[in-house]
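Notes follow once the structure below has been shown.
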Amino acid sequence: MRKKQFKAESKRLLDLMVNSIYTHKEIFLREIISNASDAIDKLCYLSLTDDKVGLNRGDFAITISVDKDARTLTVSDNGIGMSADELENNLGVIASSGSYKFRREQSEDADTDIIGQFGVGFYSAFMVADHITVVTKKYGETQAWKWESSGAEGYTVTEAERDAVGTDIIMHIKEDGEEAGEFSRYLEDWTIKSLVKKYSDYIRFPIKMLLPHSVKKPDSPDDKPEYETVYEWETLNSMVPLWQRKKSEVTKEEYDEFYQQRFGEMAPPQSVISVSAEGAVTYKALLFLPSKVPNLYYTQDFKPGLQLYSAGVMIMDHCQELLPEYFSFVRGVVDSPDLSLNISRELLQHDRQLKIISSNLEKKIISELKKMLSDDRAGYEKFYENFGRALKVGVLNQFGEKRESLQELLLFYSSTEKKLVTLREYADRMPESQKYIYYAAGDTLEAIDSLPQTELLKERGTEILYCTDRADEFLADSLRTYDGKEFRSAVDGDLGLEDEPKPQESESDKECLAFIKETLGDRVDEVKASQKLKSHPVCMTSGDGLTFEMEKYFQAVQP
Ligand code: ADP
Ligand code: MG
């Protein structure tokens with residue numbers, strides 16, 4: 001039997017695990033339990049459509065047992081199990097735990113944090129164990145397999161015996177070092193009980209442990225009772241998922257922990273939206289607005305969508321039908337007892353109830369953002385910095401009421417306020433005499449501010465919206481109006497001012513203009529006098545059609 005080597009990055013992670021600081025170590029149990037729960041989720045989902053599974057929702061469980069003499073801690077599940085190939089691919093390489101793969105590239109120091117914040121899956125067990133044995137039998141297969149490893153040297157996979165489908169993770173706990181009980185504590189019932197309560201309480205399958213109870217011997221006299229110790233299965237977790245609990249009864253820490261753990265994020269979420277709906281469709285939802293742009297957000301590898309449960313059974317990990325595309329950065333969970341369970345995942349796309357939920361969630365998110373905009377402006381600006389682009393795309397792709405609602409969430413830099421403002425704020429400030437909403441585009445605020453064309457408006461104190469993001473100019477162009485007021489470029493063409501001074505051209509002016517036109521030839525369409533300028537002698541303007549900034553954009557994107 002040949003020992004196989006771990007892939008390089010797995011090796012490095014193993015080193016990290018072994019050397020991680022004390023307080024982090026305990027999260028290994030949460031990781032092992034969450035894998036067991038995921039495996040049960042998969043088989044539980046299969047059992048809905050496949051009678052051969054032979055298990056009902058209530059039959060699934062995770063069991064934990066301790067053998068102090070052998071120094072082993074075992075976590076077993078009756079989930080889907082792994083084939084020999086899966087053992088190799090899932091436990092032999094770290095790549096399956098996508099979160100680590102990306103962060104590894106960011107900084108060396110971030111490493112230790114990763115472990116503390118959300119762990120890195122299966123490998124974390126090497127923080128407390130010096131030898132791990134995995135015995136597993138995959139659903140639908142007859143052969144069971146054993147994976148064994150003592151850490152960095154590699155692992156072996158051999159044939160094994162296991163009656164039922166499922167997996168045992170057998171961790172041989174390290175000997176204590178200088179600190180008494182450093183590792184031996186993981187062989188104590190009470191440690192396991194409290195860790196399950198702390199990290200895995202909301203797991204939706206029972207986590208059971210055979211625990212000793214002292215009971216009166218049945219044949220002992222009542223006046224002189226004698227006691228004996230019997231072992232009974234006890235369920236350690238409450239099994240109430242976070243989204244089933246009232247928002248007022250959940251702490252910020254619980255939400256943060258849940259979000260970071262479940263979605264592999266380092267930072268806590270910016271806000272949590274908890275929805276409990278009854279009516280056309282009954283469902284509960286827990287949505288999170290990230291405080292940072294998710295790692296893979298701007299890549300093809302980003303998987304949008306919410307986790308979808310039906311009465312506690314996970315149907316889908318990334319249900320995209322639950323969110324409009326422009327809210328794809330939102331993370332969360334939806335649980336509805338109303339969804340027909342045995343419809344295929346493809347059919348979900350056309351599910352009427354799903355559409356109702358999705359449209360409600362969209363409204364909830366918009367109203368949460370509006371609330372943030374009015375109650376926590378700084379927070380909103382931070383959000384906008386991260387996800388403003390997505391909102392803009394949303395506005396560009398929507399029409400009617402939805403667009404009207406979304407456009408209230410846009411922010412632009414104001415030339416007079418020197419900060420980000422909303423269109424509503426701009427419109428409310430507009431003097432009677434002002435007909436248009438002025439905007440100007442450029443690469444930076446400074447560049448726009450020094451455009452000669454903006455001089456007249458600035459001199460008059462007229463507010464201009466500075467568009468430094470390409471999408472902003474498209475927005476102004478595509479929205480056309482806001483609150484009945486037209487957008488107008490401050491840079492191109494005429495400003496449409498009622499009292500815009502009309503240039504008086506003398507004979508010599510005309511001669512001069514003709515001379516310039518003749519000299520520049522085809523390079524310009526027209527040379528004319530302008531009153532827009534104050535301290536600058538000349539400026540270029542694009543007249544009708546594409547603005548310069550748009551032209552630059554199209555040139556840049558052309559192959
Ligand atoms: P992640 O859970 O993020 O995928 P892990 O390192 O925790 O990463 O686990 C790696 C993979 O190993 C899992 O995705 C799963 O395929 C497999 N696995 C781990 N534990 C079990 C288990 N108890 N039953 C079935 N498969 C498991
Ligand atoms: Mg995991």
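All residue names refer to the structure tokens as shown: chains lettered A, B, ... in order, residues numbered from 1 in each chain, ligands numbered from 1 in order.
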Report task. Would you mind listing the residues within 10 Å of ligand 1, counting only C-alpha atoms and all ligand atoms, as a PyMOL selection string? Result -> chain A and resi 28+30-40+42-43+62+75-83+86-100+119-125+134-138+165-169+261-264
Selection to disk with C-alpha atoms, as a short mmCIF file (atom, residue, chain, number, x, y, z; two decimals), in the first residue's frame:
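The resulting file, out-v3.cif, is reproduced below:
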```
data_model
loop_
_atom_site.label_atom_id
_atom_site.label_comp_id
_atom_site.auth_asym_id
_atom_site.auth_seq_id
_atom_site.Cartn_x
_atom_site.Cartn_y
_atom_site.Cartn_z
CA PHE A 28 -12.57 21.78 14.73
CA ARG A 30 -17.95 22.71 14.52
CA GLU A 31 -16.24 21.96 11.19
CA ILE A 32 -16.57 18.18 11.51
CA ILE A 33 -20.22 18.50 12.58
CA SER A 34 -21.04 20.87 9.76
CA ASN A 35 -19.61 18.39 7.25
CA ALA A 36 -21.73 15.64 8.78
CA SER A 37 -24.78 17.87 8.52
CA ASP A 38 -24.01 18.69 4.87
CA ALA A 39 -23.69 14.96 4.12
CA ILE A 40 -27.03 14.27 5.77
CA LYS A 42 -27.59 15.46 0.63
CA LEU A 43 -28.99 12.05 1.49
CA ILE A 62 -25.08 12.82 14.04
CA VAL A 75 -18.23 11.87 14.97
CA SER A 76 -20.54 9.67 12.90
CA ASP A 77 -23.30 10.49 10.49
CA ASN A 78 -25.75 8.55 8.37
CA GLY A 79 -25.36 10.93 5.47
CA ILE A 80 -24.40 10.31 1.86
CA GLY A 81 -20.89 8.98 2.51
CA MET A 82 -17.93 9.10 0.14
CA SER A 83 -16.65 6.83 -2.61
CA GLU A 86 -14.32 11.24 -3.33
CA LEU A 87 -12.16 10.43 -0.34
CA GLU A 88 -9.10 11.21 -2.45
CA ASN A 89 -10.50 14.31 -3.99
CA ASN A 90 -12.24 15.78 -0.99
CA LEU A 91 -9.82 14.99 1.78
CA GLY A 92 -6.56 14.82 -0.18
CA VAL A 93 -6.70 18.38 -1.45
CA ILE A 94 -7.70 21.55 0.22
CA ALA A 95 -9.11 23.05 -2.94
CA SER A 96 -12.58 21.82 -2.09
CA SER A 97 -12.67 24.32 0.71
CA GLY A 98 -12.71 27.29 -1.64
CA SER A 99 -12.49 29.95 1.01
CA TYR A 100 -8.95 29.12 1.98
CA GLY A 119 -12.12 27.60 10.10
CA VAL A 120 -11.06 25.70 7.08
CA GLY A 121 -13.04 22.54 7.21
CA PHE A 122 -11.89 19.00 7.66
CA TYR A 123 -8.21 19.82 8.13
CA SER A 124 -8.90 21.75 11.31
CA ALA A 125 -9.20 18.39 13.08
CA VAL A 134 -12.29 8.18 8.17
CA VAL A 135 -14.49 5.15 7.54
CA THR A 136 -17.18 5.75 5.00
CA LYS A 137 -19.69 4.06 2.74
CA LYS A 138 -21.31 5.94 -0.07
CA VAL A 165 -24.23 4.15 4.55
CA GLY A 166 -22.53 7.08 6.26
CA THR A 167 -19.24 8.28 7.68
CA ASP A 168 -17.22 8.01 10.89
CA ILE A 169 -14.53 10.57 11.59
CA GLN A 261 -19.23 30.31 9.16
CA ARG A 262 -21.83 29.49 6.58
CA PHE A 263 -20.68 31.77 3.81
CA GLY A 264 -16.98 31.62 4.52
#
```
Report task. List the neighbours of Val395 in chain A out to 7 Å using only C-alpha atoms; skip same-chain residues closer than 3 positions along the sequence, and give me the result as number ranges by chain. Result -> A: 391-392, 398, 403, 406-407
Report task. Could you give me, as a list in words, the residues within 7 Å of Ala144 in chain A, counting only C-alpha atoms and dropping anything in the same chain fewer than 2 positions from it? Result -> Thr136, Lys137, Thr142, Glu159, Ala160, Glu161 and Arg162 of chain A
Write the residues you've just listed into a file as a short mmCIF file (atom, residue, chain, number, x, y, z; two decimals), in the first residue's frame, and include C-alpha atoms for each of them.
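What follows is the written file part01.cif:
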```cif
data_model
loop_
_atom_site.label_atom_id
_atom_site.label_comp_id
_atom_site.auth_asym_id
_atom_site.auth_seq_id
_atom_site.Cartn_x
_atom_site.Cartn_y
_atom_site.Cartn_z
CA THR A 136 -17.18 5.75 5.00
CA LYS A 137 -19.69 4.06 2.74
CA THR A 142 -21.43 -1.86 -1.52
CA GLU A 159 -10.93 -1.13 1.74
CA ALA A 160 -12.97 -1.28 4.93
CA GLU A 161 -16.09 -2.68 6.55
CA ARG A 162 -19.12 -0.58 7.36
#
```
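Distances from A:Asp223, A:Leu445, A:Tyr438, A:Tyr45 to Ser489 in chain A were compared using only C-alpha atoms, and the smallest one belongs to A:Tyr438.
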Query - Residue nearest ligand 2 - candidates A:Lys4, A:Leu29, A:Val272, A:Glu507, atoms counted: only C-alpha atoms and all ligand atoms - result: A:Leu29
Query raised in the report: Using the chain letters and numbers from this document, which residues of range 307-347 of chain A does DSSP assign to strand (DSSP E), as an MDAnalysis selection string?
Result: chainID A and resid 307:310 313:319 331:335
For the residues in the current selection, export C-alpha atoms as a tab-separated table (two decimals), in the first residue's frame.
```tsv
chain	number	residue	atom	x	y	z
A	307	GLN	CA	-29.76	28.59	0.21
A	308	LEU	CA	-33.20	27.13	-0.17
A	309	TYR	CA	-34.82	24.89	2.43
A	310	SER	CA	-38.20	23.35	2.52
A	313	VAL	CA	-34.53	20.06	4.20
A	314	MET	CA	-31.98	21.79	2.09
A	315	ILE	CA	-33.09	21.75	-1.54
A	316	MET	CA	-30.45	23.94	-3.07
A	317	ASP	CA	-27.25	25.63	-2.09
A	318	HIS	CA	-27.36	28.46	-4.62
A	319	CYS	CA	-30.90	29.19	-5.73
A	331	ARG	CA	-26.22	36.04	0.99
A	332	GLY	CA	-28.79	34.14	2.94
A	333	VAL	CA	-31.23	31.38	3.57
A	334	VAL	CA	-34.89	30.90	2.66
A	335	ASP	CA	-37.03	28.22	4.27
```
Query raised in the report: Can you tell me how far CA of Pro269 in chain A sits from CA of Ser194 in chain A, in Å to one decimal?
Result: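 Computed distance, CA of Pro269 in chain A to CA of Ser194 in chain A, equals 25.8 Å.
We find CA of Asp492 in chain A and CA of Arg523 in chain A to be spaced 17.2 Å apart.
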Report task. Find the residues near range 281-283 of chain A: any atom within 6 Å, counting only C-alpha atoms, skip ones fewer than 2 places away on the same chain, and give them as number ranges by chain. Result -> A: 277-279, 335-336
